[in-house]
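Enquirer: One structure is given below, represented as structure tokens, and several questions about it will come after.
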Amino acid sequence: PYGRSDQMSGHRLILTSPKWSTGETEGLHVWHSVKLPAGLSPGFDTKDLGKLTGNWAVVDQREDEIVIATDLVRSHPLAYSYQDGSWIVTDDIEHLRELMPFEPNKTQIDIFENTVFTLGDETLVNGVYSSPAASLIRLKPDGSKFYEDLVDYRFSETPIDAPDAFARKFSYALDTAFKRLLEISGNRELVIPLSGGLDSRLVALWLKKLGAPNVTCFTYGKPGSAESKISKQVADDLGLDWHYVEMDVDEVRRAWHSPEADEFLRATWKGTSLPHIQDWFALRQLKANATISADSIFLPGHTIVGNMHDEELANITPSDEQLETALLKHHANAQGKWRQTAKIPAIRETVETAVRAFSGLDRHAQETFEWFNINERQAKYINNSMSSYEHFGYSWALPMLEEDLVNVWLSGSPELTLTRDWYGDFVAKEFAAATGRSIKLFEPPSTKMPGFVKHLLLAGMRATKVDILLERRRSAQTVLHHPMSFEALTDVPPIEQRIKIMRGANQLSFWVTAFLNNSWGGQGDIVPAHT
């Protein structure tokens, strides 16, 4: 591996990423996505970590313990296991396969099949743990481990109500985060995966506003897709270079059954997540064609905005049971069987703990839902897409998940933060001011009819649950004829896919089942045998 393989006080440290830096004392190791954060020394405490910016992970080998710390994004997760009286710590779980028995964590495998990620600090491998987001972990010589949260996710008790005042504060935070990025990136090429939505458009817009010198956008999908047309228009409006990667179904399928796919899955599963494969084929093409610079920095639009769901529960005083049910339906329903998943004691305990953590607060539902999403699904599955860029040798940054933006978001009132309405209006105004054009978003086509007629029809469909059936039918059509050719990434016959989706499953259900069975793409024996 790259990096270091150190032994200290009987413990073993295996760091494989080339982005680790080691201090003069040899004990302190700091990982950085773009540039090493300054100001950290051996023996640091939590207040020192609060001064770090950007994306980072830290390991400090001390006389009486090993200390691990990870940022809010969980930028570079570390796996650790206590074997034969000592700790093994690594940033590549595959190295543990050679050093210990790889036995299945059957409880987490059952959870994973329905969530596509593990919960808490556990992995799919029994006895192997993984650093949670925004945490400091102390690993003791006797095999005990202690955790400390680095983020207290609480909305302000005196929130900002005025949209304009909130917009000014949000703009200032964007300026701060993106100026910091531009300072450390210099003239390196900044690459934006540009979709037809709001988030990546805001990244492109803000870079343009700040005069970033070297920005490129790319979009991928089937030839002539609606999203590609909108994305190209956005890039043209902002005067940015734009590339399109065509996703031919047969070509994607051939690639997915190659040894390259196996290498990718091994590099990105981390023991905790279904590999985030959505960008894989496009990145493979960009790399093969040398479309972008070898030292490019990717800037996906992952943001603190939009982590809320079931907004109606924030307008009442929900019971703990209502909140727990909403979490399970939202996060544990990949197979359409959330009620069965709810019977697993480990997931029930995790959900109950999440709900209790914010009990009694004015914004109980919002804080519970947002933090669970940020700390579990986003940190493990969504942000794991960053490892795709690393796999192809690129750097990355997430300026819209910097502390500046998080703190501003927590200062906003429910009216401004419960939905994406204020955010959508903010992006639309900024885009119009910069380009003179109104915003256009990629949306599925809707039926044209008078508003009152549509309202009556929707009310009737909800009463008879016809709306659920129609939504599942639309989902099945999208999965079977995906605009980004994702149907090439499963070998399940179309009729079986349609039946499963009509019963409530989603596209990830096919991927996660194949992954757990070691039959996905070119995959070999990755997940420990568990049947």
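Following the order of the structure tokens, chains are lettered A, B, ..., residues in each are numbered from 1, and ligands are numbered from 1.
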With a distance cut-off of 8 Å and only C-alpha atoms, select the neighbouring residues of Ala235 of chain A, excluding the residue or stretch itself and same-chain residues fewer than 6 positions from it, and output the selection as a short mmCIF file (atom, residue, chain, number, x, y, z; two decimals) with all heavy atoms, in the first residue's frame.
Expert:
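The new file result_36.cif reads:
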data_model
loop_
_atom_site.label_atom_id
_atom_site.label_comp_id
_atom_site.auth_asym_id
_atom_site.auth_seq_id
_atom_site.Cartn_x
_atom_site.Cartn_y
_atom_site.Cartn_z
N ALA A 204 -21.81 25.46 -9.45
CA ALA A 204 -21.31 26.08 -10.68
C ALA A 204 -21.51 27.59 -10.65
O ALA A 204 -20.62 28.37 -11.03
CB ALA A 204 -22.03 25.48 -11.89
N CYS A 217 -17.66 21.22 -16.39
CA CYS A 217 -18.84 20.48 -15.97
C CYS A 217 -18.99 19.22 -16.81
O CYS A 217 -18.55 19.19 -17.97
CB CYS A 217 -20.11 21.32 -16.11
SG CYS A 217 -20.04 22.92 -15.28
N ASP A 241 -17.22 25.22 -19.58
CA ASP A 241 -17.03 24.05 -20.43
C ASP A 241 -17.92 22.91 -19.93
O ASP A 241 -18.11 22.74 -18.72
CB ASP A 241 -15.57 23.60 -20.41
CG ASP A 241 -14.65 24.59 -21.12
OD1 ASP A 241 -15.16 25.37 -21.94
OD2 ASP A 241 -13.44 24.56 -20.83
N TRP A 242 -18.45 22.12 -20.88
CA TRP A 242 -19.37 21.05 -20.52
C TRP A 242 -19.10 19.83 -21.40
O TRP A 242 -18.89 19.95 -22.61
CB TRP A 242 -20.80 21.52 -20.72
CG TRP A 242 -21.87 20.52 -20.38
CD1 TRP A 242 -22.36 20.22 -19.14
CD2 TRP A 242 -22.61 19.69 -21.29
NE1 TRP A 242 -23.35 19.27 -19.22
CE2 TRP A 242 -23.53 18.93 -20.54
CE3 TRP A 242 -22.58 19.52 -22.68
CZ2 TRP A 242 -24.41 18.02 -21.11
CZ3 TRP A 242 -23.46 18.61 -23.25
CH2 TRP A 242 -24.35 17.87 -22.47
#
Enquirer: Choose the residue, out of A:Leu398, A:Ala505, A:Ala165, A:Ala514, that has the smallest atom-to-atom separation from Asp199 of chain A; count only C-alpha atoms.
Expert: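 Result for the nearest residue to Asp199 of chain A: A:Leu398.
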Enquirer: Give me, as a JSON list (two decimals) with N, CA, C and O atoms, in the first residue's frame, all polymer residues having an atom no more than 10 Å from Thr118 of chain A, counting only C-alpha atoms and skipping those fewer than 2 positions away in the same chain.
Expert:
[["chain", "number", "residue", "atom", "x", "y", "z"],
["A", 107, "THR", "N", -26.46, -9.71, 11.82],
["A", 107, "THR", "CA", -27.46, -8.69, 12.15],
["A", 107, "THR", "C", -27.34, -7.49, 11.22],
["A", 107, "THR", "O", -28.34, -7.01, 10.67],
["A", 108, "GLN", "N", -26.11, -7.01, 11.02],
["A", 108, "GLN", "CA", -25.92, -5.86, 10.14],
["A", 108, "GLN", "C", -26.21, -6.21, 8.68],
["A", 108, "GLN", "O", -26.67, -5.37, 7.91],
["A", 109, "ILE", "N", -25.97, -7.44, 8.28],
["A", 109, "ILE", "CA", -26.30, -7.86, 6.92],
["A", 109, "ILE", "C", -27.81, -7.79, 6.71],
["A", 109, "ILE", "O", -28.28, -7.32, 5.66],
["A", 110, "ASP", "N", -28.58, -8.23, 7.70],
["A", 110, "ASP", "CA", -30.04, -8.14, 7.60],
["A", 110, "ASP", "C", -30.49, -6.68, 7.51],
["A", 110, "ASP", "O", -31.40, -6.34, 6.74],
["A", 111, "ILE", "N", -29.86, -5.81, 8.29],
["A", 111, "ILE", "CA", -30.19, -4.39, 8.24],
["A", 111, "ILE", "C", -29.78, -3.79, 6.90],
["A", 111, "ILE", "O", -30.54, -3.07, 6.24],
["A", 112, "PHE", "N", -28.57, -4.11, 6.47],
["A", 112, "PHE", "CA", -27.97, -3.57, 5.25],
["A", 112, "PHE", "C", -28.85, -3.86, 4.03],
["A", 112, "PHE", "O", -28.98, -3.03, 3.13],
["A", 113, "GLU", "N", -29.45, -5.04, 3.98],
["A", 113, "GLU", "CA", -30.27, -5.41, 2.83],
["A", 113, "GLU", "C", -31.46, -4.47, 2.65],
["A", 113, "GLU", "O", -31.97, -4.31, 1.55],
["A", 114, "ASN", "N", -31.85, -3.81, 3.74],
["A", 114, "ASN", "CA", -33.00, -2.92, 3.70],
["A", 114, "ASN", "C", -32.63, -1.44, 3.76],
["A", 114, "ASN", "O", -33.47, -0.58, 3.48],
["A", 115, "THR", "N", -31.39, -1.13, 4.15],
["A", 115, "THR", "CA", -30.96, 0.26, 4.27],
["A", 115, "THR", "C", -29.86, 0.64, 3.28],
["A", 115, "THR", "O", -29.66, 1.81, 3.00],
["A", 116, "VAL", "N", -29.08, -0.32, 2.82],
["A", 116, "VAL", "CA", -27.88, -0.24, 1.97],
["A", 116, "VAL", "C", -26.68, 0.33, 2.72],
["A", 116, "VAL", "O", -25.68, 0.67, 2.11],
["A", 120, "GLY", "N", -24.51, 2.72, 13.11],
["A", 120, "GLY", "CA", -23.56, 2.96, 14.19],
["A", 120, "GLY", "C", -22.13, 2.75, 13.74],
["A", 120, "GLY", "O", -21.73, 3.18, 12.67],
["A", 121, "ASP", "N", -21.35, 2.04, 14.57],
["A", 121, "ASP", "CA", -19.93, 1.84, 14.27],
["A", 121, "ASP", "C", -19.66, 0.44, 13.71],
["A", 121, "ASP", "O", -18.51, 0.05, 13.54],
["A", 122, "GLU", "N", -20.71, -0.32, 13.40],
["A", 122, "GLU", "CA", -20.49, -1.70, 12.96],
["A", 122, "GLU", "C", -20.33, -1.81, 11.45],
["A", 122, "GLU", "O", -20.73, -0.91, 10.69],
["A", 123, "THR", "N", -19.73, -2.93, 11.03],
["A", 123, "THR", "CA", -19.54, -3.23, 9.62],
["A", 123, "THR", "C", -20.23, -4.55, 9.30],
["A", 123, "THR", "O", -20.83, -5.19, 10.17],
["A", 124, "LEU", "N", -20.11, -4.98, 8.05],
["A", 124, "LEU", "CA", -20.65, -6.28, 7.66],
["A", 124, "LEU", "C", -19.77, -7.43, 8.11],
["A", 124, "LEU", "O", -20.12, -8.60, 7.92],
["A", 130, "SER", "N", -16.10, 0.65, 12.33],
["A", 130, "SER", "CA", -15.74, 1.73, 11.40],
["A", 130, "SER", "C", -16.11, 3.07, 12.03],
["A", 130, "SER", "O", -17.15, 3.20, 12.69],
["A", 271, "GLY", "N", -16.78, -1.76, 3.98],
["A", 271, "GLY", "CA", -17.35, -2.60, 5.03],
["A", 271, "GLY", "C", -18.68, -2.09, 5.55],
["A", 271, "GLY", "O", -19.33, -2.77, 6.36],
["A", 272, "THR", "N", -19.11, -0.91, 5.11],
["A", 272, "THR", "CA", -20.29, -0.27, 5.70],
["A", 272, "THR", "C", -21.34, 0.17, 4.70],
["A", 272, "THR", "O", -22.44, 0.55, 5.10],
["A", 273, "SER", "N", -21.02, 0.15, 3.41],
["A", 273, "SER", "CA", -21.93, 0.78, 2.45],
["A", 273, "SER", "C", -22.02, 0.00, 1.15],
["A", 273, "SER", "O", -21.03, -0.57, 0.68],
["A", 274, "LEU", "N", -23.22, 0.00, 0.56],
["A", 274, "LEU", "CA", -23.33, -0.41, -0.83],
["A", 274, "LEU", "C", -22.49, 0.56, -1.65],
["A", 274, "LEU", "O", -22.67, 1.78, -1.54],
["A", 347, "ILE", "N", -31.79, -2.48, 14.82],
["A", 347, "ILE", "CA", -32.27, -1.28, 14.13],
["A", 347, "ILE", "C", -33.31, -0.55, 14.96],
["A", 347, "ILE", "O", -33.36, 0.68, 14.98],
["A", 376, "GLU", "N", -26.04, 8.95, 9.29],
["A", 376, "GLU", "CA", -26.09, 7.57, 8.83],
["A", 376, "GLU", "C", -26.10, 7.48, 7.30],
["A", 376, "GLU", "O", -25.09, 7.14, 6.70],
["A", 377, "ARG", "N", -27.22, 7.80, 6.67],
["A", 377, "ARG", "CA", -27.33, 7.55, 5.22],
["A", 377, "ARG", "C", -26.37, 8.42, 4.41],
["A", 377, "ARG", "O", -25.65, 7.93, 3.54],
["A", 380, "LYS", "N", -22.58, 7.55, 5.15],
["A", 380, "LYS", "CA", -22.11, 6.23, 4.76],
["A", 380, "LYS", "C", -22.36, 5.92, 3.29],
["A", 380, "LYS", "O", -21.47, 5.42, 2.60],
["A", 381, "TYR", "N", -23.56, 6.20, 2.80],
["A", 381, "TYR", "CA", -23.86, 5.84, 1.41],
["A", 381, "TYR", "C", -23.62, 7.00, 0.44],
["A", 381, "TYR", "O", -22.84, 6.87, -0.51]]
Enquirer: Might you pull out every residue within 9 Å of segment 356-373 of chain A, with only C-alpha atoms counted and same-chain residues fewer than 4 positions away left off, and present them as JSON, numbers by chain?
Expert: {"A": [153, 154, 155, 157, 304, 306, 307, 308, 309, 310, 311, 313, 314, 315, 317, 318, 320, 323, 326, 327, 331, 351, 352, 377, 378, 379, 414, 418]}
Enquirer: Those same residues - N, CA, C and O atoms - I'd like them written as a compact mmCIF listing (two decimals), in the first residue's frame.
Expert:
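As a result, result_22.txt now contains:
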# COMPACT_ATOMS: atom_id res chain seq x y z
N TYR A 153 -25.92 18.80 16.92
CA TYR A 153 -26.83 19.27 15.88
C TYR A 153 -28.11 19.83 16.52
O TYR A 153 -29.05 19.10 16.80
N ARG A 154 -28.11 21.14 16.76
CA ARG A 154 -29.25 21.80 17.39
C ARG A 154 -29.58 23.08 16.63
O ARG A 154 -28.69 23.88 16.33
N PHE A 155 -30.86 23.28 16.34
CA PHE A 155 -31.29 24.53 15.73
C PHE A 155 -31.30 25.65 16.77
O PHE A 155 -31.50 25.40 17.97
N GLU A 157 -32.27 28.64 19.20
CA GLU A 157 -33.48 28.94 19.96
C GLU A 157 -34.08 30.28 19.55
O GLU A 157 -35.24 30.57 19.86
N ILE A 304 -26.01 20.51 2.97
CA ILE A 304 -26.72 20.37 4.23
C ILE A 304 -28.22 20.53 4.02
O ILE A 304 -29.04 20.07 4.83
N GLY A 306 -31.94 19.83 2.56
CA GLY A 306 -32.70 18.72 2.01
C GLY A 306 -32.60 17.41 2.76
O GLY A 306 -32.93 16.36 2.21
N ASN A 307 -32.15 17.45 4.02
CA ASN A 307 -32.06 16.22 4.81
C ASN A 307 -33.33 15.93 5.61
O ASN A 307 -33.37 14.97 6.36
N MET A 308 -34.33 16.77 5.44
CA MET A 308 -35.59 16.58 6.13
C MET A 308 -36.53 15.71 5.30
O MET A 308 -36.42 15.65 4.07
N HIS A 309 -37.43 15.02 5.97
CA HIS A 309 -38.49 14.28 5.30
C HIS A 309 -39.70 14.23 6.23
O HIS A 309 -39.61 14.61 7.41
N ASP A 310 -40.85 13.82 5.73
CA ASP A 310 -42.07 13.77 6.54
C ASP A 310 -42.31 15.10 7.27
O ASP A 310 -42.52 15.14 8.48
N GLU A 311 -42.28 16.19 6.48
CA GLU A 311 -42.36 17.53 7.05
C GLU A 311 -43.62 17.76 7.88
O GLU A 311 -43.63 18.58 8.81
N LEU A 313 -44.87 16.08 10.13
CA LEU A 313 -44.71 15.73 11.54
C LEU A 313 -44.08 16.88 12.34
O LEU A 313 -44.17 16.89 13.57
N ALA A 314 -43.46 17.82 11.64
CA ALA A 314 -42.86 18.95 12.34
C ALA A 314 -43.91 19.98 12.74
O ALA A 314 -43.63 20.88 13.54
N ASN A 315 -45.11 19.86 12.20
CA ASN A 315 -46.16 20.83 12.48
C ASN A 315 -47.11 20.38 13.57
O ASN A 315 -48.11 21.05 13.86
N THR A 317 -47.17 17.75 17.44
CA THR A 317 -46.31 17.21 18.50
C THR A 317 -46.33 15.70 18.36
O THR A 317 -47.17 15.02 18.96
N PRO A 318 -45.44 15.15 17.54
CA PRO A 318 -45.51 13.71 17.25
C PRO A 318 -45.05 12.87 18.43
O PRO A 318 -44.22 13.29 19.24
N ASP A 320 -43.09 9.51 20.00
CA ASP A 320 -41.85 8.84 19.65
C ASP A 320 -42.11 7.74 18.62
O ASP A 320 -41.32 7.52 17.70
N LEU A 323 -42.32 9.11 15.09
CA LEU A 323 -41.00 9.47 14.57
C LEU A 323 -40.21 8.22 14.20
O LEU A 323 -39.54 8.18 13.15
N ALA A 326 -41.55 6.82 10.95
CA ALA A 326 -41.13 7.64 9.80
C ALA A 326 -39.69 7.35 9.42
O ALA A 326 -39.36 7.25 8.23
N LEU A 327 -38.81 7.20 10.42
CA LEU A 327 -37.40 6.88 10.13
C LEU A 327 -37.28 5.53 9.46
O LEU A 327 -36.53 5.37 8.49
N HIS A 331 -35.72 5.07 5.74
CA HIS A 331 -34.35 4.57 5.63
C HIS A 331 -34.23 3.05 5.54
O HIS A 331 -33.17 2.56 5.15
N VAL A 351 -32.88 3.39 16.11
CA VAL A 351 -33.90 4.39 15.81
C VAL A 351 -34.45 5.01 17.10
O VAL A 351 -34.64 6.23 17.19
N GLU A 352 -34.68 4.18 18.10
CA GLU A 352 -35.18 4.70 19.39
C GLU A 352 -34.17 5.66 20.02
O GLU A 352 -34.54 6.70 20.57
N ARG A 377 -27.22 7.80 6.67
CA ARG A 377 -27.33 7.55 5.22
C ARG A 377 -26.37 8.42 4.41
O ARG A 377 -25.65 7.93 3.54
N GLN A 378 -26.34 9.73 4.70
CA GLN A 378 -25.48 10.60 3.90
C GLN A 378 -24.01 10.29 4.15
O GLN A 378 -23.22 10.17 3.21
N ALA A 379 -23.63 10.13 5.42
CA ALA A 379 -22.23 9.90 5.76
C ALA A 379 -21.72 8.57 5.20
O ALA A 379 -20.56 8.48 4.79
N PRO A 414 -38.10 27.16 11.02
CA PRO A 414 -38.73 26.04 10.31
C PRO A 414 -39.30 26.44 8.95
O PRO A 414 -39.23 25.66 7.99
N LEU A 418 -37.61 23.64 6.65
CA LEU A 418 -38.31 22.35 6.63
C LEU A 418 -38.38 21.75 5.24
O LEU A 418 -38.33 20.53 5.07
Enquirer: Could you jot down the atom CA of Glu471 of chain A to atom CA of Phe486 of chain A separation for me, Å, one decimal place?
Expert: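 Interatomic distance here is 18.9 Å.
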Enquirer: Would you kindly return, as a PyMOL selection string, each protein, DNA or RNA residue with an atom no farther than 10 Å from any atom of Val234 of chain A, considering only C-alpha atoms and excluding same-chain residues fewer than 5 positions away?
Expert: chain A and resi 194-196+201+204-205+217+228-229+239-240+242+431+435+437+439-441
Enquirer: Output N, CA and C atoms for every residue in the selection just made, as an mmCIF file, in the first residue's frame.
Expert:
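Written out: result-v3.cif:
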data_model
loop_
_atom_site.group_PDB
_atom_site.id
_atom_site.type_symbol
_atom_site.label_atom_id
_atom_site.label_comp_id
_atom_site.auth_asym_id
_atom_site.auth_seq_id
_atom_site.Cartn_x
_atom_site.Cartn_y
_atom_site.Cartn_z
ATOM 1 N N LEU A 194 -22.668 17.900 -13.124
ATOM 2 C CA LEU A 194 -23.795 18.829 -13.245
ATOM 3 C C LEU A 194 -25.070 18.082 -13.608
ATOM 4 N N SER A 195 -26.052 18.151 -12.738
ATOM 5 C CA SER A 195 -27.346 17.525 -13.000
ATOM 6 C C SER A 195 -28.342 18.613 -13.395
ATOM 7 N N GLY A 196 -29.595 18.215 -13.534
ATOM 8 C CA GLY A 196 -30.624 19.199 -13.869
ATOM 9 C C GLY A 196 -31.265 19.821 -12.656
ATOM 10 N N ARG A 201 -26.003 23.035 -9.623
ATOM 11 C CA ARG A 201 -26.129 24.337 -10.290
ATOM 12 C C ARG A 201 -25.621 25.458 -9.386
ATOM 13 N N ALA A 204 -21.809 25.460 -9.448
ATOM 14 C CA ALA A 204 -21.311 26.083 -10.684
ATOM 15 C C ALA A 204 -21.511 27.592 -10.651
ATOM 16 N N LEU A 205 -22.668 28.021 -10.196
ATOM 17 C CA LEU A 205 -22.986 29.445 -10.144
ATOM 18 C C LEU A 205 -22.034 30.191 -9.220
ATOM 19 N N CYS A 217 -17.660 21.221 -16.388
ATOM 20 C CA CYS A 217 -18.844 20.478 -15.966
ATOM 21 C C CYS A 217 -18.993 19.219 -16.815
ATOM 22 N N SER A 228 -29.758 16.097 -19.643
ATOM 23 C CA SER A 228 -28.538 16.564 -20.305
ATOM 24 C C SER A 228 -28.773 17.898 -21.006
ATOM 25 N N LYS A 229 -29.950 18.076 -21.577
ATOM 26 C CA LYS A 229 -30.243 19.336 -22.263
ATOM 27 C C LYS A 229 -30.281 20.500 -21.279
ATOM 28 N N GLY A 239 -21.264 30.153 -19.018
ATOM 29 C CA GLY A 239 -20.019 30.242 -19.785
ATOM 30 C C GLY A 239 -18.982 29.227 -19.357
ATOM 31 N N LEU A 240 -19.425 28.009 -18.974
ATOM 32 C CA LEU A 240 -18.507 26.981 -18.498
ATOM 33 C C LEU A 240 -18.402 25.836 -19.504
ATOM 34 N N TRP A 242 -18.446 22.124 -20.882
ATOM 35 C CA TRP A 242 -19.370 21.048 -20.524
ATOM 36 C C TRP A 242 -19.098 19.832 -21.401
ATOM 37 N N PHE A 431 -29.345 32.727 -9.755
ATOM 38 C CA PHE A 431 -29.077 32.325 -11.133
ATOM 39 C C PHE A 431 -29.562 33.389 -12.113
ATOM 40 N N THR A 435 -27.196 35.426 -14.743
ATOM 41 C CA THR A 435 -27.298 35.047 -16.160
ATOM 42 C C THR A 435 -28.391 35.789 -16.927
ATOM 43 N N ARG A 437 -31.376 34.782 -16.906
ATOM 44 C CA ARG A 437 -32.316 33.748 -17.329
ATOM 45 C C ARG A 437 -33.000 33.134 -16.110
ATOM 46 N N ILE A 439 -34.624 30.041 -13.963
ATOM 47 C CA ILE A 439 -34.140 28.689 -13.728
ATOM 48 C C ILE A 439 -35.104 27.670 -14.333
ATOM 49 N N LYS A 440 -34.558 26.592 -14.837
ATOM 50 C CA LYS A 440 -35.366 25.484 -15.323
ATOM 51 C C LYS A 440 -34.802 24.215 -14.726
ATOM 52 N N LEU A 441 -35.684 23.410 -14.140
ATOM 53 C CA LEU A 441 -35.246 22.202 -13.461
ATOM 54 C C LEU A 441 -35.682 20.972 -14.228
#
Enquirer: Enumerate, as number ranges by chain, the complete set of residues in segment 135-248 of chain A that a backbone-based DSSP assignment places in alpha helix (DSSP H).
Expert: A: 163-185, 199-209, 226-238
Enquirer: Choose the residue, out of A:Asp92, A:Glu496, A:Glu65, A:Glu312, that has the smallest atom-to-atom separation from Ile137 of chain A; count only C-alpha atoms.
Expert: A:Glu65
Enquirer: Go through A:Ser319, A:Asn126, A:Ser388, A:Ser231 one by one, measure the shortest atom-to-atom distance of each to Phe281 of chain A using only C-alpha atoms, and give the residue with the smallest value.
Expert: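 Smallest separation from Phe281 of chain A among the options: A:Ser388.
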Enquirer: Please list as an MDAnalysis selection string every residue within 12 Å of segment 176-184 of chain A, counting only C-alpha atoms and excluding residues in the same chain fewer than 2 positions away.
Expert: chainID A and resid 32:37 53:55 169:174 186:190 202:215 297:299 396:406 408
Enquirer: Near segment 78-87 of chain A, counting only C-alpha atoms, which residues have an atom at most 9 Å away, once you skip same-chain residues fewer than 4 positions from it, shown as a PyMOL selection string?
Expert: chain A and resi 9-13+57+66+68+70+91-93+96+99-100+123+127-132+139-144+270-271
Enquirer: In Å, rounded to a single decimal, give me how far atom CA of Val305 of chain A is from atom CA of Arg420 of chain A.
Expert: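 Between atom CA of Arg420 of chain A and atom CA of Val305 of chain A the gap works out to 7.2 Å.
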Enquirer: Could you make a table, as CSV, of the residues of segment 307-395 of chain A that have an atom within 12 Å of an atom of segment 14-29 of chain A, each with its nearest atom pair and distance in Å to one decimal, counting only C-alpha atoms, in chain and number order?
Expert:
residue,atom,partner,partner_atom,distance
A:Ser387,CA,A:Ser17,CA,10.9
A:Glu390,CA,A:Ser17,CA,9.0
A:His391,CA,A:Ser17,CA,10.2
A:Gly393,CA,A:Pro18,CA,9.9
A:Tyr394,CA,A:Lys19,CA,11.2
A:Ser395,CA,A:Lys19,CA,9.6
